[in-house]
$ cat structure06.cif   # mmCIF, C-alpha atoms
data_query
loop_
_atom_site.group_PDB
_atom_site.id
_atom_site.type_symbol
_atom_site.label_atom_id
_atom_site.label_comp_id
_atom_site.auth_asym_id
_atom_site.auth_seq_id
_atom_site.Cartn_x
_atom_site.Cartn_y
_atom_site.Cartn_z
ATOM 1 C CA PHE T 22 -44.636 34.506 3.202
ATOM 2 C CA THR T 23 -44.683 36.507 6.393
ATOM 3 C CA LYS T 24 -41.568 36.298 8.549
ATOM 4 C CA LYS T 25 -43.314 33.914 10.930
ATOM 5 C CA GLU T 26 -44.466 31.654 8.095
ATOM 6 C CA LEU T 27 -41.006 31.681 6.545
ATOM 7 C CA ILE T 28 -39.389 30.591 9.818
ATOM 8 C CA ARG T 29 -41.939 27.822 10.208
ATOM 9 C CA PHE T 30 -41.284 26.689 6.622
ATOM 10 C CA MET T 31 -37.506 26.653 7.208
ATOM 11 C CA MET T 32 -37.846 24.636 10.415
ATOM 12 C CA ASN T 33 -40.065 21.965 8.876
ATOM 13 C CA ASN T 34 -37.844 21.574 5.799
ATOM 14 C CA LEU T 35 -34.514 21.227 7.590
ATOM 15 C CA HIS T 36 -32.963 17.765 7.379
ATOM 16 C CA GLU T 37 -31.713 18.046 10.972
ATOM 17 C CA ALA T 38 -33.451 18.446 14.299
ATOM 18 C CA ALA T 39 -34.685 22.051 14.641
ATOM 19 C CA LEU T 40 -35.793 24.011 17.721
ATOM 20 C CA LEU T 41 -37.446 27.418 17.809
ATOM 21 C CA CYS T 42 -36.782 29.357 21.031
ATOM 22 C CA ARG T 43 -37.917 32.682 22.495
ATOM 23 C CA TRP T 44 -35.646 34.935 24.509
ATOM 24 C CA GLY T 45 -37.224 35.822 27.874
ATOM 25 C CA LYS T 46 -36.382 37.729 31.019
ATOM 26 C CA ASN T 47 -33.122 37.089 32.903
ATOM 27 C CA GLY T 48 -31.690 35.209 29.934
ATOM 28 C CA ASN T 49 -34.385 32.543 30.095
ATOM 29 C CA ILE T 50 -34.802 30.891 26.685
ATOM 30 C CA ARG T 51 -37.892 28.682 26.256
ATOM 31 C CA ILE T 52 -38.496 26.160 23.487
ATOM 32 C CA ILE T 53 -41.693 27.243 21.748
ATOM 33 C CA ASP T 54 -41.688 25.024 18.658
ATOM 34 C CA PHE T 55 -39.732 22.232 16.932
ATOM 35 C CA ASN T 56 -39.888 19.843 13.999
ATOM 36 C CA PRO T 57 -40.617 16.080 14.315
ATOM 37 C CA LEU T 58 -36.922 15.249 13.903
ATOM 38 C CA ALA T 59 -36.160 17.096 17.143
ATOM 39 C CA CYS T 60 -38.392 14.770 19.182
ATOM 40 C CA ARG T 61 -36.814 11.662 17.671
ATOM 41 C CA PHE T 62 -33.284 13.029 17.961
ATOM 42 C CA LEU T 63 -33.561 14.165 21.585
ATOM 43 C CA GLY T 64 -35.926 11.374 22.674
ATOM 44 C CA PHE T 65 -38.458 13.677 24.348
ATOM 45 C CA LYS T 66 -42.189 13.583 23.836
ATOM 46 C CA HIS T 67 -43.924 16.568 22.255
ATOM 47 C CA ALA T 68 -45.424 17.806 25.532
ATOM 48 C CA GLU T 69 -42.119 17.390 27.412
ATOM 49 C CA LEU T 70 -40.022 19.298 24.901
ATOM 50 C CA LYS T 71 -42.419 22.239 24.685
ATOM 51 C CA GLN T 72 -42.093 22.931 28.418
ATOM 52 C CA MET T 73 -38.273 22.900 28.512
ATOM 53 C CA ASN T 74 -35.682 25.605 28.812
ATOM 54 C CA ILE T 75 -33.140 25.347 25.998
ATOM 55 C CA TYR T 76 -30.259 25.007 28.481
ATOM 56 C CA GLU T 77 -31.767 21.753 29.792
ATOM 57 C CA ILE T 78 -30.682 19.872 26.675
ATOM 58 C CA PHE T 79 -27.014 20.860 27.138
ATOM 59 C CA THR T 80 -24.518 19.024 29.350
ATOM 60 C CA SER T 81 -23.182 20.953 32.326
ATOM 61 C CA GLU T 82 -19.851 21.391 30.517
ATOM 62 C CA SER T 83 -21.530 23.010 27.504
ATOM 63 C CA VAL T 84 -23.970 25.365 29.246
ATOM 64 C CA VAL T 85 -21.440 28.217 29.502
ATOM 65 C CA SER T 86 -20.603 27.919 25.795
ATOM 66 C CA ALA T 87 -24.321 27.758 24.938
ATOM 67 C CA LYS T 88 -25.093 30.928 26.884
ATOM 68 C CA LYS T 89 -22.293 32.737 25.100
ATOM 69 C CA ASN T 90 -23.450 31.650 21.641
ATOM 70 C CA LEU T 91 -27.153 32.227 22.348
ATOM 71 C CA ASN T 92 -26.583 35.799 23.471
ATOM 72 C CA PRO T 93 -29.112 37.858 21.455
ATOM 73 C CA ILE T 94 -26.610 40.567 20.583
ATOM 74 C CA PRO T 95 -26.078 41.156 17.720
ATOM 75 C CA TYR T 96 -29.573 40.667 16.350
ATOM 76 C CA GLU T 97 -30.460 39.300 12.929
ATOM 77 C CA ASN T 98 -27.418 37.084 12.457
ATOM 78 C CA ASP T 99 -26.506 33.423 12.227
ATOM 79 C CA ASP T 100 -23.660 31.449 13.767
ATOM 80 C CA ILE T 101 -22.223 27.921 13.726
ATOM 81 C CA TRP T 102 -20.777 26.361 16.870
ATOM 82 C CA LYS T 103 -20.319 23.009 18.605
ATOM 83 C CA ALA T 104 -21.638 21.766 21.934
ATOM 84 C CA GLU T 105 -22.456 18.592 23.805
ATOM 85 C CA ILE T 106 -26.122 17.805 24.417
ATOM 86 C CA LEU T 107 -27.915 15.243 26.560
ATOM 87 C CA THR T 108 -30.783 13.095 25.268
ATOM 88 C CA ARG T 109 -33.708 11.963 27.405
ATOM 89 C CA LYS T 110 -31.962 8.588 27.908
ATOM 90 C CA GLY T 111 -28.838 10.315 29.204
ATOM 91 C CA GLN T 112 -26.773 9.800 26.043
ATOM 92 C CA LYS T 113 -24.207 12.509 25.358
ATOM 93 C CA LEU T 114 -23.954 13.676 21.751
ATOM 94 C CA LEU T 115 -21.582 16.141 20.138
ATOM 95 C CA VAL T 116 -23.562 18.365 17.769
ATOM 96 C CA GLU T 117 -22.858 21.159 15.341
ATOM 97 C CA ILE T 118 -25.391 23.908 15.971
ATOM 98 C CA THR T 119 -26.430 26.516 13.448
ATOM 99 C CA SER T 120 -28.304 29.331 15.185
ATOM 100 C CA TYR T 121 -30.386 32.019 13.455
ATOM 101 C CA LYS T 122 -31.356 35.072 15.565
ATOM 102 C CA PHE T 123 -34.129 37.406 14.526
ATOM 103 C CA ILE T 124 -36.687 39.841 15.920
ATOM 104 C CA ILE T 125 -40.351 38.950 15.445
ATOM 105 C CA GLU T 126 -43.541 40.194 17.100
ATOM 106 C CA GLY T 127 -41.498 42.546 19.268
ATOM 107 C CA GLY T 128 -39.384 39.765 20.736
ATOM 108 C CA ILE T 129 -36.158 37.893 20.036
ATOM 109 C CA GLN T 130 -36.389 34.359 18.703
ATOM 110 C CA ILE T 131 -33.652 31.863 17.885
ATOM 111 C CA LEU T 132 -33.912 28.982 15.432
ATOM 112 C CA LEU T 133 -31.445 26.159 16.131
ATOM 113 C CA SER T 134 -30.597 23.240 13.852
ATOM 114 C CA LEU T 135 -28.693 20.323 15.430
ATOM 115 C CA LYS T 136 -26.375 18.097 13.396
ATOM 116 C CA ASP T 137 -24.963 15.008 15.098
ATOM 117 C CA ILE T 138 -21.183 14.876 14.618
ATOM 118 C CA SER T 139 -20.474 12.319 17.337
ATOM 119 C CA VAL T 140 -18.101 9.482 16.482
ATOM 120 C CA PRO T 141 -19.624 6.123 17.505
ATOM 121 C CA LYS T 142 -17.564 4.030 19.916
ATOM 122 C CA GLY T 143 -17.333 1.217 17.384
ATOM 123 C CA VAL T 144 -15.823 3.596 14.846
ATOM 124 C CA LEU T 145 -13.245 4.780 17.375
ATOM 125 C CA THR T 146 -12.305 1.168 18.087
ATOM 126 C CA ASP T 147 -11.968 0.468 14.360
ATOM 127 C CA LEU T 148 -9.868 3.592 13.860
ATOM 128 C CA LYS T 149 -7.551 2.550 16.676
ATOM 129 C CA ALA T 150 -7.202 -0.926 15.164
ATOM 130 C CA TYR T 151 -6.453 0.505 11.711
ATOM 131 C CA LYS T 152 -3.924 2.900 13.218
ATOM 132 C CA ASN T 153 -2.081 0.025 14.907
ATOM 133 C CA PHE T 154 -2.242 -2.030 11.697
ATOM 134 C CA PHE T 155 -0.856 0.914 9.699
ATOM 135 C CA LYS T 156 1.949 1.391 12.219
ATOM 136 C CA ILE T 157 2.917 -2.292 12.103
ATOM 137 C CA SER T 158 2.755 -2.323 8.281
ATOM 138 C CA GLU T 159 5.059 0.710 8.105
ATOM 139 C CA SER T 160 7.528 -0.945 10.452
ATOM 140 C CA ILE T 161 7.624 -4.269 8.584
ATOM 141 C CA GLY T 162 7.819 -2.700 5.130
ATOM 142 C CA LYS T 163 10.207 0.100 6.239
ATOM 143 C CA ILE T 164 7.815 2.501 4.565
ATOM 144 C CA GLY T 165 6.391 5.894 5.556
ATOM 145 C CA TYR T 166 3.773 8.458 4.497
ATOM 146 C CA TRP T 167 4.301 12.217 4.186
ATOM 147 C CA GLU T 168 2.132 15.172 3.219
ATOM 148 C CA TYR T 169 2.934 18.817 2.431
ATOM 149 C CA ASP T 170 0.158 21.430 2.385
ATOM 150 C CA LEU T 171 1.222 24.124 -0.087
ATOM 151 C CA LYS T 172 -1.381 26.574 1.243
ATOM 152 C CA SER T 173 -0.584 26.406 4.973
ATOM 153 C CA GLY T 174 3.013 25.228 4.689
ATOM 154 C CA ASN T 175 2.338 22.354 7.105
ATOM 155 C CA PHE T 176 4.609 19.334 6.644
ATOM 156 C CA CYS T 177 3.277 16.101 8.177
ATOM 157 C CA VAL T 178 5.114 12.792 8.330
ATOM 158 C CA SER T 179 4.165 9.414 9.751
ATOM 159 C CA GLN T 180 6.213 7.415 12.241
ATOM 160 C CA GLY T 181 7.420 5.231 9.369
ATOM 161 C CA THR T 182 8.872 8.249 7.554
ATOM 162 C CA ARG T 183 10.611 9.328 10.746
ATOM 163 C CA SER T 184 12.200 5.875 11.006
ATOM 164 C CA VAL T 185 13.393 5.897 7.377
ATOM 165 C CA PHE T 186 15.076 9.298 7.750
ATOM 166 C CA GLY T 187 16.106 8.847 11.384
ATOM 167 C CA ILE T 188 13.975 11.768 12.605
ATOM 168 C CA GLY T 189 12.838 12.185 16.219
ATOM 169 C CA GLU T 190 9.421 13.325 17.439
ATOM 170 C CA GLU T 191 10.098 17.027 16.886
ATOM 171 C CA GLU T 192 7.874 19.085 14.592
ATOM 172 C CA LEU T 193 9.014 19.439 10.999
ATOM 173 C CA SER T 194 8.741 22.126 8.389
ATOM 174 C CA VAL T 195 10.027 22.258 4.828
ATOM 175 C CA GLU T 196 12.838 24.519 6.041
ATOM 176 C CA ASP T 197 14.037 21.691 8.309
ATOM 177 C CA ILE T 198 14.622 19.251 5.430
ATOM 178 C CA PRO T 199 18.186 20.441 4.637
ATOM 179 C CA GLU T 200 19.123 19.692 8.265
ATOM 180 C CA LEU T 201 18.118 16.030 8.054
ATOM 181 C CA GLY T 202 21.484 14.947 6.673
ATOM 182 C CA ILE T 203 20.285 14.821 3.068
ATOM 183 C CA ALA T 204 21.453 18.256 1.903
ATOM 184 C CA GLU T 205 23.822 16.810 -0.722
ATOM 185 C CA TYR T 206 20.938 14.826 -2.210
ATOM 186 C CA LEU T 207 18.380 17.656 -2.238
ATOM 187 C CA HIS T 208 18.876 18.333 -5.951
ATOM 188 C CA GLN T 209 17.572 14.824 -6.658
ATOM 189 C CA ILE T 210 14.471 15.547 -4.563
ATOM 190 C CA GLU T 211 13.978 18.885 -6.311
ATOM 191 C CA ASN T 212 14.216 17.218 -9.722
ATOM 192 C CA MET T 213 11.603 14.764 -8.558
ATOM 193 C CA LEU T 214 9.223 17.504 -7.355
ATOM 194 C CA HIS T 215 9.521 19.381 -10.645
ATOM 195 C CA GLY T 216 7.689 16.457 -12.198
ATOM 196 C CA LEU T 217 4.674 17.114 -9.985
ATOM 197 C CA ILE T 218 3.430 19.918 -12.233
ATOM 198 C CA VAL T 219 1.010 17.456 -13.790
ATOM 199 C CA PRO T 220 -1.732 16.646 -11.218
ATOM 200 C CA ASP T 221 -2.702 13.023 -10.494
ATOM 201 C CA ASP T 222 0.525 11.806 -12.104
ATOM 202 C CA LEU T 223 2.791 9.696 -9.916
ATOM 203 C CA VAL T 224 6.478 10.630 -9.814
ATOM 204 C CA GLU T 225 9.035 8.057 -8.655
ATOM 205 C CA ASN T 226 12.731 8.302 -7.848
ATOM 206 C CA GLU T 227 15.449 6.468 -5.961
ATOM 207 C CA PHE T 228 18.324 8.161 -4.155
ATOM 208 C CA ASP T 229 20.711 7.739 -1.239
ATOM 209 C CA ILE T 230 20.578 9.641 2.043
ATOM 210 C CA TYR T 231 22.968 9.854 4.938
ATOM 211 C CA ARG T 232 21.060 8.951 8.097
ATOM 212 C CA VAL T 233 22.567 10.918 10.970
ATOM 213 C CA SER T 234 20.837 8.845 13.673
ATOM 214 C CA ASP T 235 22.934 5.724 12.954
ATOM 215 C CA ASN T 236 25.626 7.097 10.590
ATOM 216 C CA SER T 237 24.499 4.938 7.695
ATOM 217 C CA VAL T 238 23.883 5.488 3.997
ATOM 218 C CA VAL T 239 20.347 4.420 3.126
ATOM 219 C CA GLU T 240 18.885 3.791 -0.303
ATOM 220 C CA VAL T 241 15.418 5.377 -0.492
ATOM 221 C CA ARG T 242 12.613 4.964 -2.991
ATOM 222 C CA ALA T 243 10.147 7.875 -3.081
ATOM 223 C CA VAL T 244 6.745 8.143 -4.764
ATOM 224 C CA ALA T 245 4.856 11.459 -4.819
ATOM 225 C CA GLU T 246 1.679 12.947 -6.272
ATOM 226 C CA TYR T 247 0.161 16.440 -6.406
ATOM 227 C CA ASP T 248 -3.512 16.920 -5.515
ATOM 228 C CA LEU T 249 -4.795 19.970 -7.394
ATOM 229 C CA ILE T 250 -8.063 20.219 -5.425
ATOM 230 C CA GLU T 251 -6.475 19.995 -1.970
ATOM 231 C CA ASN T 252 -3.338 21.838 -3.153
ATOM 232 C CA LYS T 253 -1.166 19.244 -1.400
ATOM 233 C CA ILE T 254 1.782 17.057 -2.275
ATOM 234 C CA PHE T 255 1.699 13.642 -0.661
ATOM 235 C CA GLY T 256 3.665 10.473 -1.082
ATOM 236 C CA LEU T 257 5.502 7.463 0.300
ATOM 237 C CA VAL T 258 9.145 6.765 1.105
ATOM 238 C CA GLN T 259 10.693 3.347 1.600
ATOM 239 C CA ASP T 260 14.073 2.110 2.795
ATOM 240 C CA ILE T 261 15.100 -0.250 -0.033
ATOM 241 C CA SER T 262 18.679 -0.861 1.121
ATOM 242 C CA GLY T 263 17.879 -4.455 2.068
ATOM 243 C CA HIS T 264 15.949 -4.976 -1.159
ATOM 244 C CA ASN T 265 18.915 -3.993 -3.314
ATOM 245 C CA ILE T 266 21.316 -6.152 -1.297
ATOM 246 C CA ARG T 267 19.026 -9.118 -1.820
ATOM 247 C CA LYS T 268 18.682 -8.218 -5.502
ATOM 248 C CA LYS T 269 22.481 -8.172 -5.899
ATOM 249 C CA GLU T 270 22.740 -11.538 -4.128
ATOM 250 C CA LEU T 271 20.122 -13.037 -6.440
ATOM 251 C CA LEU T 272 21.859 -11.591 -9.505
ATOM 252 C CA LYS T 273 25.196 -13.033 -8.357
ATOM 253 C CA ALA T 274 23.585 -16.430 -7.757
ATOM 254 C CA LYS T 275 22.003 -16.289 -11.223
ATOM 255 C CA VAL T 276 25.390 -15.552 -12.893
ATOM 256 C CA GLU T 277 27.059 -18.379 -10.967
ATOM 257 C CA ALA T 278 24.278 -20.799 -11.948
ATOM 258 C CA GLU T 279 24.607 -19.826 -15.623
ATOM 259 C CA GLN T 280 28.402 -20.298 -15.487
ATOM 260 C CA LYS T 281 28.008 -23.742 -13.904
ATOM 261 C CA ASN T 282 25.449 -24.710 -16.551
ATOM 262 C CA GLN T 283 27.800 -23.607 -19.331
ATOM 263 C CA SER T 284 30.655 -25.637 -17.786
ATOM 264 C CA ARG T 285 28.406 -28.680 -17.523
ATOM 265 C CA GLN T 286 27.325 -28.372 -21.158
ATOM 266 C CA ALA T 287 30.965 -27.993 -22.283
ATOM 267 C CA PHE T 288 31.989 -31.033 -20.231
ATOM 268 C CA ILE T 289 29.160 -33.180 -21.638
ATOM 269 C CA SER T 290 30.029 -32.072 -25.189
ATOM 270 C CA ALA T 291 33.707 -32.941 -24.753
ATOM 271 C CA ILE T 292 32.973 -36.323 -23.156
ATOM 272 C CA SER T 293 30.514 -37.173 -25.915
ATOM 273 C CA ASN T 294 33.181 -36.765 -28.603
ATOM 274 C CA GLU T 295 35.659 -38.924 -26.647
ATOM 275 C CA ILE T 296 33.166 -41.723 -26.012
ATOM 276 C CA TYR T 297 31.198 -41.728 -29.268
ATOM 277 C CA ALA T 298 33.815 -43.411 -31.537
ATOM 278 C CA PRO T 299 34.878 -46.364 -29.305
ATOM 279 C CA MET T 300 31.316 -47.016 -28.155
ATOM 280 C CA ASN T 301 30.177 -47.093 -31.778
ATOM 281 C CA ARG T 302 32.780 -49.814 -32.523
ATOM 282 C CA ILE T 303 31.852 -51.820 -29.429
ATOM 283 C CA VAL T 304 28.168 -51.755 -30.294
ATOM 284 C CA GLY T 305 28.953 -52.793 -33.849
ATOM 285 C CA TYR T 306 31.074 -55.809 -32.803
ATOM 286 C CA CYS T 307 28.376 -56.860 -30.295
ATOM 287 C CA GLN T 308 25.806 -56.876 -33.073
ATOM 288 C CA LEU T 309 28.080 -59.018 -35.258
ATOM 289 C CA ILE T 310 28.721 -61.541 -32.449
ATOM 290 C CA ASN T 311 24.988 -61.932 -31.907
ATOM 291 C CA GLN T 312 24.512 -63.074 -35.508
ATOM 292 C CA LYS T 313 24.044 -66.919 -35.553
ATOM 293 C CA ASP T 314 25.415 -67.428 -39.093
ATOM 294 C CA LEU T 315 28.623 -65.510 -38.456
#
$ encode --input "structure06.cif" --output "C-alpha cells"
Amino acid sequence: FTKKELIRFMMNNLHEAALLCRWGKNGNIRIIDFNPLACRFLGFKHAELKQMNIYEIFTSESVVSAKKNLNPIPYENDDIWKAEILTRKGQKLLVEITSYKFIIEGGIQILLSLKDISVPKGVLTDLKAYKNFFKISESIGKIGYWEYDLKSGNFCVSQGTRSVFGIGEEELSVEDIPELGIAEYLHQIENMLHGLIVPDDLVENEFDIYRVSDNSVVEVRAVAEYDLIENKIFGLVQDISGHNIRKKELLKAKVEAEQKNQSRQAFISAISNEIYAPMNRIVGYCQLINQKDL
C-alpha cells in the first residue's frame, strides 16, 4: 500500500463516520473525501459534503475547540477530543473525534472519525426517573450505597448513606470517617473489611454507631464487596434499629402466646381429671335408667 491507499483503506473500513480533510491557506480546511457513513451520519448529500469547510459541521460553541485540535502542529500524530456538531437537519450531536494528521503529496491532511456519544432525551428522562425512584427507595428502606476507589482514594456515598450516618452535604474522604461519631466502633468496621481479601465474596456485619446529628445510637447492618477489576470496595448500609425493635416485640409476643397456651393446656388437663369421674357415673346411671327391663 502507498500512504494514500492506506489512508483510503482506513477510512472505508472505519465503523464510524470518517472525513478526510486538507489543510489550506489561512487555516482553511476543506473536506476532500469521506466514507458512506459520514453522509448518513451528518445528513448531507455527497455533492454538498465535498464542497464544505470542516468548520461548517461544528456548532458555534465548538469551533474554537475544533480549531485548536485541528492545528497541524505537530505533524504525524493522532488525538482524541470531544466537540458538538450540527447535522443538516439542525440536530446537535456530541461526538468523540479521533484525528490523524499526516503529510502527503507535499500537503497536510487530517483524517477524522466521528463517534456519536450523545445521550438521547428519552434516556435522560429515564435516568432522572430511576434516580428519583432510587432516592425514594433509600428513604423508605433507610438504606444507602457507598463506594471507595482504592486507586484514587475517592469515597462516594449516596444520600441514603448520609441519612443513616447523619452526614451533611460536605465532601467525604476515608480520613473523615473517624470524625463521624463512630470512632469507638471503627475496629468492627476494620474487622469487616479484612474479610474483603477474597474478591466477589460478600461480607456482612452489624454494629452500633453514635449519630451526632440527633444524639442517637443507631444499629447498622453493612454489606460490602471488593471488585478486583475496578479495584473498588462498594456496599450498602441500613439503619435496622426499627427492625430489631419490631423483632423484640414479636419475640415477646411469641413468648407470651406460648405461656398462655401452656396455662390453657394445664387448666384443661386439671379440669378433665375433676370432671371425668362424676361424669362417668352420671352417664352410667343414665344408661341403666334407659333400660326397659330394669
$ residues_around --input "structure06.cif" --residues "T:Ser86" --least-positions-apart "4" --cutoff "9 Å" --atoms "all atoms listed in the file" --output "ChimeraX atom specification"
/T:82,90-91,103-104
$ atom_distance --input "structure06.cif" --atom1 "atom CA of T:Leu257" --atom2 "atom CA of T:Asp235"
21.6 Å
$ atom_distance --input "structure06.cif" --atom1 "atom CA of T:Glu159" --atom2 "atom CA of T:Ser262"
15.4 Å
$ closest_residue --input "structure06.cif" --among "T:Lys275, T:Arg29, T:Lys24, T:Lys136" --to "T:Ile101" --atoms "only C-alpha atoms"
T:Lys136
$ residues_around --input "structure06.cif" --residues "T:Ser184" --least-positions-apart "3" --cutoff "10 Å" --atoms "all atoms listed in the file" --output "NGL selection string"
:T and (159-160 or 163-165 or 179-181 or 187-189 or 232 or 234 or 259-260)
$ write_last_selection --input "structure06.cif" --atoms "C-alpha atoms" --output "mmCIF file, in the coordinates of the input"
data_model
loop_
_atom_site.group_PDB
_atom_site.id
_atom_site.type_symbol
_atom_site.label_atom_id
_atom_site.label_comp_id
_atom_site.auth_asym_id
_atom_site.auth_seq_id
_atom_site.Cartn_x
_atom_site.Cartn_y
_atom_site.Cartn_z
ATOM 1 C CA GLU T 159 5.059 0.710 8.105
ATOM 2 C CA SER T 160 7.528 -0.945 10.452
ATOM 3 C CA LYS T 163 10.207 0.100 6.239
ATOM 4 C CA ILE T 164 7.815 2.501 4.565
ATOM 5 C CA GLY T 165 6.391 5.894 5.556
ATOM 6 C CA SER T 179 4.165 9.414 9.751
ATOM 7 C CA GLN T 180 6.213 7.415 12.241
ATOM 8 C CA GLY T 181 7.420 5.231 9.369
ATOM 9 C CA GLY T 187 16.106 8.847 11.384
ATOM 10 C CA ILE T 188 13.975 11.768 12.605
ATOM 11 C CA GLY T 189 12.838 12.185 16.219
ATOM 12 C CA ARG T 232 21.060 8.951 8.097
ATOM 13 C CA SER T 234 20.837 8.845 13.673
ATOM 14 C CA GLN T 259 10.693 3.347 1.600
ATOM 15 C CA ASP T 260 14.073 2.110 2.795
#
$ atom_distance --input "structure06.cif" --atom1 "atom CA of T:Gln130" --atom2 "atom CA of T:Pro57"
19.3 Å
$ resolve_selection --input "structure06.cif" --expression "the PyMOL selection byres ((chain T and resi 89) around 12)" --output "PyMOL selection string"
chain T and resi 48+76+83-88+90-95+100+102-104
$ closest_residue --input "structure06.cif" --among "T:Ile52, T:Glu168, T:Ala150, T:Phe155" --to "T:Glu69" --atoms "all atoms listed in the file"
T:Ile52
$ decode --input "structure06.cif" --residues "stretch 53-69 of chain T" --atoms "N, CA, C and O atoms" --output "PDB file, in the first residue's frame"
ATOM      1  N   ILE T  53     -12.206  16.737   1.573  1.00  0.00           N
ATOM      2  CA  ILE T  53     -11.881  16.252   0.232  1.00  0.00           C
ATOM      3  C   ILE T  53     -12.382  14.823  -0.013  1.00  0.00           C
ATOM      4  O   ILE T  53     -12.481  14.389  -1.148  1.00  0.00           O
ATOM      5  N   ASP T  54     -12.703  14.106   1.051  1.00  0.00           N
ATOM      6  CA  ASP T  54     -13.202  12.743   0.875  1.00  0.00           C
ATOM      7  C   ASP T  54     -13.890  12.302   2.169  1.00  0.00           C
ATOM      8  O   ASP T  54     -13.698  12.905   3.241  1.00  0.00           O
ATOM      9  N   PHE T  55     -14.671  11.224   2.091  1.00  0.00           N
ATOM     10  CA  PHE T  55     -15.417  10.723   3.246  1.00  0.00           C
ATOM     11  C   PHE T  55     -15.943   9.337   2.916  1.00  0.00           C
ATOM     12  O   PHE T  55     -15.990   8.928   1.752  1.00  0.00           O
ATOM     13  N   ASN T  56     -16.343   8.608   3.950  1.00  0.00           N
ATOM     14  CA  ASN T  56     -16.945   7.292   3.715  1.00  0.00           C
ATOM     15  C   ASN T  56     -18.478   7.421   3.703  1.00  0.00           C
ATOM     16  O   ASN T  56     -19.019   8.460   4.113  1.00  0.00           O
ATOM     17  N   PRO T  57     -19.201   6.404   3.235  1.00  0.00           N
ATOM     18  CA  PRO T  57     -20.666   6.490   3.158  1.00  0.00           C
ATOM     19  C   PRO T  57     -21.329   6.768   4.502  1.00  0.00           C
ATOM     20  O   PRO T  57     -22.384   7.403   4.556  1.00  0.00           O
ATOM     21  N   LEU T  58     -20.728   6.293   5.592  1.00  0.00           N
ATOM     22  CA  LEU T  58     -21.317   6.530   6.911  1.00  0.00           C
ATOM     23  C   LEU T  58     -21.373   8.016   7.244  1.00  0.00           C
ATOM     24  O   LEU T  58     -22.271   8.461   7.966  1.00  0.00           O
ATOM     25  N   ALA T  59     -20.423   8.788   6.730  1.00  0.00           N
ATOM     26  CA  ALA T  59     -20.386  10.220   7.018  1.00  0.00           C
ATOM     27  C   ALA T  59     -21.608  10.922   6.450  1.00  0.00           C
ATOM     28  O   ALA T  59     -22.208  11.799   7.092  1.00  0.00           O
ATOM     29  N   CYS T  60     -22.007  10.555   5.233  1.00  0.00           N
ATOM     30  CA  CYS T  60     -23.193  11.164   4.615  1.00  0.00           C
ATOM     31  C   CYS T  60     -24.443  10.852   5.423  1.00  0.00           C
ATOM     32  O   CYS T  60     -25.276  11.723   5.677  1.00  0.00           O
ATOM     33  N   ARG T  61     -24.587   9.586   5.828  1.00  0.00           N
ATOM     34  CA  ARG T  61     -25.773   9.200   6.596  1.00  0.00           C
ATOM     35  C   ARG T  61     -25.771   9.837   7.975  1.00  0.00           C
ATOM     36  O   ARG T  61     -26.808  10.263   8.486  1.00  0.00           O
ATOM     37  N   PHE T  62     -24.602   9.906   8.591  1.00  0.00           N
ATOM     38  CA  PHE T  62     -24.492  10.448   9.945  1.00  0.00           C
ATOM     39  C   PHE T  62     -24.779  11.951   9.976  1.00  0.00           C
ATOM     40  O   PHE T  62     -25.512  12.437  10.835  1.00  0.00           O
ATOM     41  N   LEU T  63     -24.200  12.684   9.027  1.00  0.00           N
ATOM     42  CA  LEU T  63     -24.359  14.135   9.006  1.00  0.00           C
ATOM     43  C   LEU T  63     -25.601  14.584   8.250  1.00  0.00           C
ATOM     44  O   LEU T  63     -26.050  15.729   8.400  1.00  0.00           O
ATOM     45  N   GLY T  64     -26.138  13.705   7.385  1.00  0.00           N
ATOM     46  CA  GLY T  64     -27.365  14.033   6.655  1.00  0.00           C
ATOM     47  C   GLY T  64     -27.152  14.826   5.383  1.00  0.00           C
ATOM     48  O   GLY T  64     -28.125  15.274   4.771  1.00  0.00           O
ATOM     49  N   PHE T  65     -25.906  15.018   4.969  1.00  0.00           N
ATOM     50  CA  PHE T  65     -25.616  15.776   3.754  1.00  0.00           C
ATOM     51  C   PHE T  65     -25.494  14.839   2.547  1.00  0.00           C
ATOM     52  O   PHE T  65     -25.095  13.678   2.681  1.00  0.00           O
ATOM     53  N   LYS T  66     -25.811  15.361   1.403  1.00  0.00           N
ATOM     54  CA  LYS T  66     -25.611  14.613   0.172  1.00  0.00           C
ATOM     55  C   LYS T  66     -24.127  14.629  -0.187  1.00  0.00           C
ATOM     56  O   LYS T  66     -23.371  15.472   0.294  1.00  0.00           O
ATOM     57  N   HIS T  67     -23.743  13.718  -1.057  1.00  0.00           N
ATOM     58  CA  HIS T  67     -22.334  13.580  -1.444  1.00  0.00           C
ATOM     59  C   HIS T  67     -21.779  14.885  -2.000  1.00  0.00           C
ATOM     60  O   HIS T  67     -20.708  15.354  -1.586  1.00  0.00           O
ATOM     61  N   ALA T  68     -22.504  15.519  -2.898  1.00  0.00           N
ATOM     62  CA  ALA T  68     -22.024  16.751  -3.534  1.00  0.00           C
ATOM     63  C   ALA T  68     -21.943  17.890  -2.523  1.00  0.00           C
ATOM     64  O   ALA T  68     -21.048  18.742  -2.596  1.00  0.00           O
ATOM     65  N   GLU T  69     -22.889  17.928  -1.576  1.00  0.00           N
ATOM     66  CA  GLU T  69     -22.886  19.008  -0.569  1.00  0.00           C
ATOM     67  C   GLU T  69     -21.679  18.885   0.352  1.00  0.00           C
ATOM     68  O   GLU T  69     -20.993  19.871   0.648  1.00  0.00           O
TER      69      GLU T  69
END
